[in-house]
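To start, the structure itself, in C-alpha cells.
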Amino acid sequence: MNFNWKSLWKISAPTRVKHLPWRICRDCLPTRVRLRHRHVPCVLNCPFCDNDVEDDWHVFFGCLEAISSWRAAGLYDVIVPRLHSLPDAKSVIIDICSKEDKYLAGRVAVMIEGLWKNRNDWVWHNEKEEATRLGWMALHKWQEWFSAQQVHHTDGNHENLLHWNKPSSGFFKCNVDAGFNRQVGTTNRGWCLRDDHGDFIIAGTAWDRGTLSILEVEALVLKEAIHGVINQHLDYVLFESDSQLVVQSLRSNAHGTSEFNLIISSIKLLLLDFPHFEVKFVKRQANLVAHTLVKAASS
C-alpha cells in the first residue's frame, strides 16, 4: 500500500486502540464476508440490522447503528464526506490519519474500536449498547485517556489542573459543566462566576427534556455562560471547562454543519467581540462547583 504508516501510529489514542485500524487497513479483520472468503461457514448478513452483508464498510460506516454512534460521538461530519468519495473502509481510515490532526484521528480510532467491540459482544454474548450511548462512551473514553496524558506531561504542575484557583487580579473566572439526569430524562447545564477573591458573583442552571450528545451540551453551556457574563458587563473573564474537546474545537480551524459545530462557531464569534475572554481546560476536580450545579439543575 502506498501509505505512510507513521500517519496511523502517531494518532492520539491508546496504542492498543491503534491496532484495530491497522488490521482493517491490512484486510485481516474477521468480518463475516472475510470469514466466508477464508472458507469459514457462517451467515453473511449483519448481526445488527440483517439488511446487508457484513464487511468492513458496513460494520463501521454502512449500518444505521454505526451512523447513529458516529453522530453521538460528534464525528459524523468527519466521516460522511469521505463516504461519498472513497471506495472502502481502509481508504477512509487512511485519509483521516493522513489529513486530520492526530487528536481527531485518535477519536475516530476509539470509536472504531467501540463499534467492533459492540459487534462482538452482540455476536458472542447477546449483549450490546444502544447506538447513541455507544457514541457517548467512545467520546468519554478518549477524553479521559487524553486528560490523563495531559496531566502526566505537565512536569509536576498538574496541581493547577486538580484544584480551583483564583483568577489573576482584575479578572473573573467562570466555570461551566454539563451532564444528563437519566432518571428523569433531562439534559442539565450549570455555570458559576467568581471574582479574583474567589467570591461568588452569579450562577446559572438550565435543563431540557431529551438528550443531545454530551459534546453538544458541553458547548451549549459555555455559550450560555458567555451570554450570562456579557449581561453583567464584564470584560476580563476566564472560562474553565472540563471538556477537552470543546476547548480544542474552539482553537481549531475545522468547520462543519453539525449542531456541535454551529454552537462552536457562534462561540468563536462571541470571543472575537470580547478579546479579553479566554477559555481553558481544567480537570473535573477543579470544576466541582459547576458539576454540583449540574446535578442540582433539575431538582
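Residues in the C-alpha cells are numbered from 1 in each chain, the chains being A, B, ... in the order shown, and ligands are numbered from 1 in the order shown.
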
Please identify which residues in region 31-277 of chain A DSSP calls strand (DSSP E or B) from the backbone, and express them as a PyMOL selection string. chain A and resi 45+53+172-181+186-194+200-209+237-241+277

Could you save those same residues with N, CA, C and O atoms as a short mmCIF file (atom, residue, chain, number, x, y, z; two decimals), in the first residue's frame?
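Resulting contents of part-v8.cif:
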data_model
loop_
_atom_site.label_atom_id
_atom_site.label_comp_id
_atom_site.auth_asym_id
_atom_site.auth_seq_id
_atom_site.Cartn_x
_atom_site.Cartn_y
_atom_site.Cartn_z
N ASN A 45 -25.10 -11.95 6.65
CA ASN A 45 -25.80 -10.72 6.98
C ASN A 45 -25.30 -10.09 8.28
O ASN A 45 -24.84 -10.78 9.20
N VAL A 53 -24.79 -7.48 3.83
CA VAL A 53 -23.70 -8.36 4.22
C VAL A 53 -22.74 -7.60 5.13
O VAL A 53 -22.59 -6.38 5.03
N PHE A 172 -12.17 37.80 36.32
CA PHE A 172 -13.22 36.95 36.87
C PHE A 172 -13.03 35.55 36.28
O PHE A 172 -12.43 35.40 35.21
N LYS A 173 -13.52 34.55 36.99
CA LYS A 173 -13.44 33.19 36.48
C LYS A 173 -14.83 32.56 36.48
O LYS A 173 -15.56 32.63 37.46
N CYS A 174 -15.17 31.94 35.34
CA CYS A 174 -16.48 31.31 35.18
C CYS A 174 -16.28 29.83 34.85
O CYS A 174 -15.68 29.50 33.83
N ASN A 175 -16.75 28.95 35.72
CA ASN A 175 -16.66 27.51 35.49
C ASN A 175 -17.97 26.98 34.93
O ASN A 175 -19.05 27.37 35.38
N VAL A 176 -17.88 26.09 33.95
CA VAL A 176 -19.07 25.55 33.28
C VAL A 176 -19.01 24.04 33.26
O VAL A 176 -17.93 23.44 33.25
N ASP A 177 -20.18 23.40 33.25
CA ASP A 177 -20.24 21.94 33.15
C ASP A 177 -21.62 21.54 32.65
O ASP A 177 -22.57 22.34 32.66
N ALA A 178 -21.73 20.29 32.20
CA ALA A 178 -23.00 19.77 31.68
C ALA A 178 -23.07 18.28 31.95
O ALA A 178 -22.06 17.62 32.23
N GLY A 179 -24.28 17.73 31.88
CA GLY A 179 -24.45 16.30 32.11
C GLY A 179 -25.89 15.89 31.89
O GLY A 179 -26.72 16.69 31.44
N PHE A 180 -26.19 14.64 32.21
CA PHE A 180 -27.52 14.09 31.99
C PHE A 180 -28.10 13.56 33.30
O PHE A 180 -27.39 13.02 34.13
N ASN A 181 -29.39 13.73 33.46
CA ASN A 181 -30.13 13.07 34.53
C ASN A 181 -30.99 12.00 33.86
O ASN A 181 -32.09 12.30 33.36
N THR A 186 -33.45 14.31 31.44
CA THR A 186 -33.15 15.71 31.16
C THR A 186 -31.67 15.90 30.84
O THR A 186 -30.83 15.11 31.24
N THR A 187 -31.41 16.98 30.10
CA THR A 187 -30.06 17.44 29.83
C THR A 187 -29.81 18.64 30.72
O THR A 187 -30.51 19.65 30.61
N ASN A 188 -28.82 18.57 31.60
CA ASN A 188 -28.59 19.61 32.61
C ASN A 188 -27.33 20.40 32.32
O ASN A 188 -26.34 19.86 31.81
N ARG A 189 -27.37 21.70 32.70
CA ARG A 189 -26.22 22.58 32.50
C ARG A 189 -26.07 23.49 33.71
O ARG A 189 -27.06 23.84 34.36
N GLY A 190 -24.83 23.89 34.01
CA GLY A 190 -24.59 24.77 35.13
C GLY A 190 -23.33 25.57 34.96
O GLY A 190 -22.37 25.09 34.36
N TRP A 191 -23.33 26.82 35.47
CA TRP A 191 -22.12 27.65 35.43
C TRP A 191 -22.10 28.59 36.62
O TRP A 191 -23.13 28.92 37.19
N CYS A 192 -20.88 28.99 37.03
CA CYS A 192 -20.71 29.82 38.21
C CYS A 192 -19.60 30.84 37.98
O CYS A 192 -18.51 30.47 37.52
N LEU A 193 -19.86 32.10 38.30
CA LEU A 193 -18.90 33.19 38.12
C LEU A 193 -18.39 33.67 39.47
O LEU A 193 -19.18 33.95 40.38
N ARG A 194 -17.06 33.76 39.63
CA ARG A 194 -16.44 34.25 40.86
C ARG A 194 -15.36 35.30 40.52
O ARG A 194 -14.81 35.29 39.41
N PHE A 200 -18.37 34.68 45.26
CA PHE A 200 -19.46 34.39 44.32
C PHE A 200 -20.04 35.67 43.72
O PHE A 200 -20.29 36.64 44.43
N ILE A 201 -20.27 35.68 42.41
CA ILE A 201 -20.91 36.80 41.73
C ILE A 201 -22.31 36.41 41.24
O ILE A 201 -23.31 37.00 41.63
N ILE A 202 -22.37 35.39 40.41
CA ILE A 202 -23.65 34.94 39.85
C ILE A 202 -23.48 33.53 39.32
O ILE A 202 -22.36 33.11 39.01
N ALA A 203 -24.57 32.80 39.23
CA ALA A 203 -24.54 31.44 38.66
C ALA A 203 -25.80 31.20 37.86
O ALA A 203 -26.78 31.94 37.99
N GLY A 204 -25.77 30.18 37.04
CA GLY A 204 -26.95 29.83 36.25
C GLY A 204 -27.08 28.34 36.08
O GLY A 204 -26.07 27.62 36.04
N THR A 205 -28.31 27.85 36.03
CA THR A 205 -28.56 26.45 35.70
C THR A 205 -29.67 26.38 34.67
O THR A 205 -30.47 27.30 34.54
N ALA A 206 -29.71 25.29 33.94
CA ALA A 206 -30.77 25.08 32.94
C ALA A 206 -30.92 23.60 32.69
O ALA A 206 -29.99 22.82 32.91
N TRP A 207 -32.10 23.20 32.27
CA TRP A 207 -32.30 21.81 31.88
C TRP A 207 -33.35 21.74 30.79
O TRP A 207 -34.21 22.62 30.67
N ASP A 208 -33.27 20.72 29.96
CA ASP A 208 -34.21 20.49 28.87
C ASP A 208 -34.58 19.02 28.82
O ASP A 208 -33.80 18.16 29.21
N ARG A 209 -35.77 18.74 28.34
CA ARG A 209 -36.17 17.36 28.10
C ARG A 209 -35.43 16.81 26.89
O ARG A 209 -35.11 17.55 25.96
N VAL A 237 -12.56 37.95 31.63
CA VAL A 237 -13.15 36.73 32.20
C VAL A 237 -12.43 35.50 31.64
O VAL A 237 -12.21 35.39 30.43
N LEU A 238 -12.07 34.60 32.54
CA LEU A 238 -11.51 33.31 32.16
C LEU A 238 -12.58 32.24 32.36
O LEU A 238 -13.10 32.07 33.46
N PHE A 239 -12.92 31.53 31.29
CA PHE A 239 -13.91 30.45 31.35
C PHE A 239 -13.16 29.12 31.44
O PHE A 239 -12.21 28.89 30.69
N GLU A 240 -13.61 28.25 32.35
CA GLU A 240 -12.99 26.94 32.51
C GLU A 240 -14.02 25.84 32.28
O GLU A 240 -15.10 25.88 32.83
N SER A 241 -13.63 24.86 31.45
CA SER A 241 -14.48 23.72 31.13
C SER A 241 -13.67 22.45 31.30
O SER A 241 -12.46 22.42 31.04
N PHE A 277 -11.89 37.72 26.82
CA PHE A 277 -12.46 36.46 27.28
C PHE A 277 -11.51 35.34 26.85
O PHE A 277 -10.97 35.36 25.75
#

Fewer than 5 positions away in the same chain doesn't count, so skip those; otherwise give me all residues within 12 Å of Lys117 (chain A), counting only C-alpha atoms, as a ChimeraX atom specification. /A:17,20,59-60,110-112,122-125,127-129,134,138

Take the residues from that selection and write them out as a CSV table (one decimal), in the first residue's frame, keeping all heavy atoms.
chain,number,residue,atom,x,y,z
A,17,VAL,N,-5.6,0.6,20.9
A,17,VAL,CA,-6.6,1.0,20.0
A,17,VAL,C,-6.2,1.1,18.6
A,17,VAL,O,-6.9,0.9,17.6
A,17,VAL,CB,-7.3,2.3,20.5
A,17,VAL,CG1,-8.2,2.9,19.5
A,17,VAL,CG2,-8.0,2.1,21.9
A,20,LEU,N,-6.5,-1.9,15.8
A,20,LEU,CA,-7.7,-2.3,15.1
A,20,LEU,C,-7.7,-1.5,13.7
A,20,LEU,O,-8.0,-2.2,12.7
A,20,LEU,CB,-8.9,-2.0,15.9
A,20,LEU,CG,-10.2,-2.4,15.2
A,20,LEU,CD1,-10.2,-4.0,15.0
A,20,LEU,CD2,-11.4,-2.1,16.1
A,59,VAL,N,-19.8,-2.6,8.8
A,59,VAL,CA,-19.6,-2.6,10.2
A,59,VAL,C,-19.4,-1.2,10.7
A,59,VAL,O,-20.0,-0.8,11.7
A,59,VAL,CB,-18.4,-3.5,10.6
A,59,VAL,CG1,-18.1,-3.4,12.1
A,59,VAL,CG2,-18.8,-5.0,10.4
A,60,PHE,N,-18.5,-0.5,10.1
A,60,PHE,CA,-18.1,0.8,10.6
A,60,PHE,C,-18.8,2.0,10.0
A,60,PHE,O,-18.9,3.1,10.7
A,60,PHE,CB,-16.6,1.0,10.5
A,60,PHE,CG,-15.8,-0.1,11.2
A,60,PHE,CD1,-15.2,-1.1,10.5
A,60,PHE,CD2,-15.8,-0.2,12.6
A,60,PHE,CE1,-14.5,-2.1,11.1
A,60,PHE,CE2,-15.1,-1.2,13.2
A,60,PHE,CZ,-14.5,-2.2,12.5
A,110,VAL,N,-10.8,5.4,18.5
A,110,VAL,CA,-11.5,4.9,19.6
A,110,VAL,C,-13.0,4.5,19.3
A,110,VAL,O,-13.5,3.5,19.8
A,110,VAL,CB,-11.5,6.0,20.8
A,110,VAL,CG1,-12.4,5.6,21.9
A,110,VAL,CG2,-10.1,6.1,21.3
A,111,MET,N,-13.6,5.3,18.4
A,111,MET,CA,-15.0,5.0,18.0
A,111,MET,C,-15.0,3.7,17.2
A,111,MET,O,-15.9,2.9,17.4
A,111,MET,CB,-15.5,6.1,17.2
A,111,MET,CG,-17.0,6.0,16.7
A,111,MET,SD,-18.2,6.2,18.1
A,111,MET,CE,-18.6,4.5,18.4
A,112,ILE,N,-14.0,3.5,16.4
A,112,ILE,CA,-13.9,2.2,15.6
A,112,ILE,C,-13.8,1.0,16.5
A,112,ILE,O,-14.5,0.0,16.3
A,112,ILE,CB,-12.8,2.3,14.6
A,112,ILE,CG1,-13.1,3.2,13.4
A,112,ILE,CG2,-12.4,0.9,14.1
A,112,ILE,CD1,-12.0,3.5,12.5
A,122,TRP,N,-22.4,-8.5,20.9
A,122,TRP,CA,-23.7,-9.0,20.4
A,122,TRP,C,-23.6,-10.4,19.8
A,122,TRP,O,-24.5,-11.2,20.1
A,122,TRP,CB,-24.2,-7.9,19.4
A,122,TRP,CG,-25.6,-8.2,18.9
A,122,TRP,CD1,-25.9,-8.5,17.5
A,122,TRP,CD2,-26.8,-8.3,19.6
A,122,TRP,NE1,-27.2,-8.7,17.4
A,122,TRP,CE2,-27.8,-8.6,18.7
A,122,TRP,CE3,-27.1,-8.2,20.9
A,122,TRP,CZ2,-29.2,-8.8,19.0
A,122,TRP,CZ3,-28.5,-8.4,21.3
A,122,TRP,CH2,-29.5,-8.6,20.4
A,123,VAL,N,-22.6,-10.6,19.0
A,123,VAL,CA,-22.5,-11.9,18.4
A,123,VAL,C,-22.2,-13.1,19.4
A,123,VAL,O,-22.9,-14.1,19.3
A,123,VAL,CB,-21.3,-11.9,17.3
A,123,VAL,CG1,-21.0,-13.3,16.8
A,123,VAL,CG2,-21.7,-11.0,16.2
A,124,TRP,N,-21.4,-12.8,20.4
A,124,TRP,CA,-20.9,-13.9,21.2
A,124,TRP,C,-21.7,-13.9,22.6
A,124,TRP,O,-21.7,-15.0,23.2
A,124,TRP,CB,-19.4,-13.8,21.5
A,124,TRP,CG,-18.6,-13.9,20.3
A,124,TRP,CD1,-17.9,-12.9,19.6
A,124,TRP,CD2,-18.4,-15.1,19.5
A,124,TRP,NE1,-17.3,-13.4,18.5
A,124,TRP,CE2,-17.6,-14.7,18.4
A,124,TRP,CE3,-18.9,-16.4,19.6
A,124,TRP,CZ2,-17.2,-15.6,17.4
A,124,TRP,CZ3,-18.5,-17.3,18.6
A,124,TRP,CH2,-17.7,-16.9,17.5
A,125,HIS,N,-22.2,-12.8,23.0
A,125,HIS,CA,-22.8,-12.7,24.4
A,125,HIS,C,-24.2,-12.2,24.3
A,125,HIS,O,-24.9,-12.1,25.4
A,125,HIS,CB,-22.0,-11.8,25.3
A,125,HIS,CG,-20.5,-12.2,25.4
A,125,HIS,ND1,-20.1,-13.4,25.8
A,125,HIS,CD2,-19.4,-11.5,25.0
A,125,HIS,CE1,-18.8,-13.5,25.8
A,125,HIS,NE2,-18.3,-12.4,25.2
A,127,GLU,N,-25.3,-9.3,24.0
A,127,GLU,CA,-25.3,-8.0,24.7
A,127,GLU,C,-24.8,-6.9,23.8
A,127,GLU,O,-23.9,-7.1,23.1
A,127,GLU,CB,-24.5,-8.1,26.0
A,127,GLU,CG,-24.9,-9.2,27.0
A,127,GLU,CD,-23.9,-9.3,28.1
A,127,GLU,OE1,-22.9,-8.6,28.1
A,127,GLU,OE2,-24.2,-10.0,29.1
A,128,LYS,N,-25.5,-5.8,23.9
A,128,LYS,CA,-25.0,-4.6,23.1
A,128,LYS,C,-25.4,-3.3,23.8
A,128,LYS,O,-26.4,-3.3,24.5
A,128,LYS,CB,-25.5,-4.7,21.7
A,128,LYS,CG,-27.0,-4.5,21.5
A,128,LYS,CD,-27.5,-4.5,20.1
A,128,LYS,CE,-29.0,-4.3,20.0
A,128,LYS,NZ,-29.4,-4.2,18.6
A,129,GLU,N,-24.7,-2.2,23.4
A,129,GLU,CA,-25.0,-0.9,23.9
A,129,GLU,C,-25.9,-0.2,22.8
A,129,GLU,O,-25.8,-0.5,21.6
A,129,GLU,CB,-23.7,-0.1,24.1
A,129,GLU,CG,-22.9,-0.5,25.3
A,129,GLU,CD,-23.5,-0.1,26.6
A,129,GLU,OE1,-24.5,0.6,26.6
A,129,GLU,OE2,-23.0,-0.6,27.6
A,134,LEU,N,-23.3,4.3,22.8
A,134,LEU,CA,-22.0,3.9,22.4
A,134,LEU,C,-21.2,5.0,21.9
A,134,LEU,O,-20.0,5.1,22.2
A,134,LEU,CB,-22.2,2.8,21.3
A,134,LEU,CG,-20.9,2.2,20.8
A,134,LEU,CD1,-20.3,1.3,21.9
A,134,LEU,CD2,-21.2,1.3,19.6
A,138,ALA,N,-17.6,6.3,23.7
A,138,ALA,CA,-16.4,6.4,23.0
A,138,ALA,C,-15.8,7.8,23.2
A,138,ALA,O,-14.6,8.0,23.4
A,138,ALA,CB,-16.6,6.1,21.5

Using only C-alpha atoms, find the one residue out of A:Ile230, A:Ala13, A:Val247, A:Leu64 that sits nearest to Cys49 (chain A). A:Leu64

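Note that CA of Val78 (chain A) and CA of Gln149 (chain A) are 24.0 Å apart.
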
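As for CA of His197 (chain A) and CA of Ala225 (chain A), they are spaced 19.9 Å apart.
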
Residues of region 35-278 of chain A classed as helix (DSSP H, G or I) by DSSP on the backbone are to be reported as a PyMOL selection string. chain A and resi 35-37+56-62+64-72+76-83+89-99+102-125+131-152+159-162+214-231+244-251+259-273

Shell around Cys28 (chain A) at 12 Å using only C-alpha atoms, local window under 3 positions removed, as a PyMOL selection string: chain A and resi 19-25+31-35+37-38+55-56+90

Got time to write the residues from that selection, C-alpha atoms, as a compact mmCIF listing (two decimals), in the first residue's frame?
# COMPACT_ATOMS: atom_id res chain seq x y z
CA HIS A 19 -4.06 -1.93 16.24
CA LEU A 20 -7.67 -2.25 15.06
CA PRO A 21 -7.46 0.40 12.28
CA TRP A 22 -4.17 -1.24 11.27
CA ARG A 23 -5.92 -4.63 10.97
CA ILE A 24 -8.65 -3.06 8.84
CA CYS A 25 -6.05 -1.48 6.56
CA THR A 31 -15.94 -9.85 9.38
CA ARG A 32 -18.46 -12.38 8.10
CA VAL A 33 -17.64 -11.65 4.46
CA ARG A 34 -13.93 -12.19 5.07
CA LEU A 35 -14.56 -15.36 7.09
CA HIS A 37 -13.76 -15.94 1.80
CA ARG A 38 -11.49 -17.94 4.09
CA ASP A 55 -17.94 -6.39 5.54
CA ASP A 56 -15.57 -3.73 6.88
CA LYS A 90 -9.38 1.30 4.81

Quick one: residues within 10 Å of Leu83 (chain A), only C-alpha atoms, excluding same-chain residues fewer than 5 positions away - as a short mmCIF file (atom, residue, chain, number, x, y, z; two decimals) with N, CA, C and O atoms, in the first residue's frame?
data_model
loop_
_atom_site.label_atom_id
_atom_site.label_comp_id
_atom_site.auth_asym_id
_atom_site.auth_seq_id
_atom_site.Cartn_x
_atom_site.Cartn_y
_atom_site.Cartn_z
N TRP A 57 -16.78 -2.15 5.52
CA TRP A 57 -17.52 -0.90 5.26
C TRP A 57 -18.82 -0.89 6.05
O TRP A 57 -19.16 0.11 6.70
N PHE A 61 -19.30 1.92 8.80
CA PHE A 61 -19.84 3.12 8.16
C PHE A 61 -21.20 2.93 7.48
O PHE A 61 -21.86 3.91 7.18
N GLY A 62 -21.61 1.69 7.25
CA GLY A 62 -22.84 1.48 6.50
C GLY A 62 -24.06 1.20 7.35
O GLY A 62 -25.17 1.64 7.02
N VAL A 78 -17.02 14.32 10.05
CA VAL A 78 -15.71 13.86 9.63
C VAL A 78 -15.84 12.67 8.69
O VAL A 78 -15.07 12.53 7.73
N ASP A 88 -13.59 2.28 0.12
CA ASP A 88 -13.66 1.22 1.12
C ASP A 88 -13.25 1.78 2.49
O ASP A 88 -12.81 2.92 2.62
N ALA A 89 -13.41 0.94 3.51
CA ALA A 89 -13.17 1.37 4.89
C ALA A 89 -11.72 1.76 5.12
O ALA A 89 -11.44 2.75 5.81
N SER A 91 -9.62 2.97 3.05
CA SER A 91 -9.33 4.26 2.42
C SER A 91 -9.83 5.41 3.28
O SER A 91 -9.18 6.46 3.37
N VAL A 92 -10.97 5.22 3.94
CA VAL A 92 -11.49 6.24 4.85
C VAL A 92 -10.53 6.44 6.02
O VAL A 92 -10.20 7.58 6.38
#

Shell of 7 Å around region 68-76 of chain A, only C-alpha atoms, local chain residues under 5 positions omitted, as a list of chain:residue names: A:Ala131, A:Thr132, A:Leu134, A:Gly135, A:Trp136, A:Ala138, A:Leu139, A:Ser213, A:Leu215

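Considering only C-alpha atoms, the residue among A:Trp116, A:Asp101, A:Glu224, A:Gln183 positioned nearest to Ser249 (chain A) is A:Asp101.
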
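Considering only C-alpha atoms, the residue among A:Ile93, A:Glu54, A:Glu218, A:Pro14 positioned nearest to Val294 (chain A) is A:Glu218.
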
Nearest to Ser147 (chain A) among A:Leu8, A:Val229, A:Leu270, A:Leu162, with distances taken over only C-alpha atoms: which residue is it? A:Leu162

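The gap separating CA of Ser243 (chain A) from CA of Pro167 (chain A) is 19.4 Å, in Å to one decimal.
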
For Tyr236 (chain A), the nearest of the candidates A:Ser169, A:Gln248, A:Ser98, A:Asn287, counting only C-alpha atoms: A:Ser169
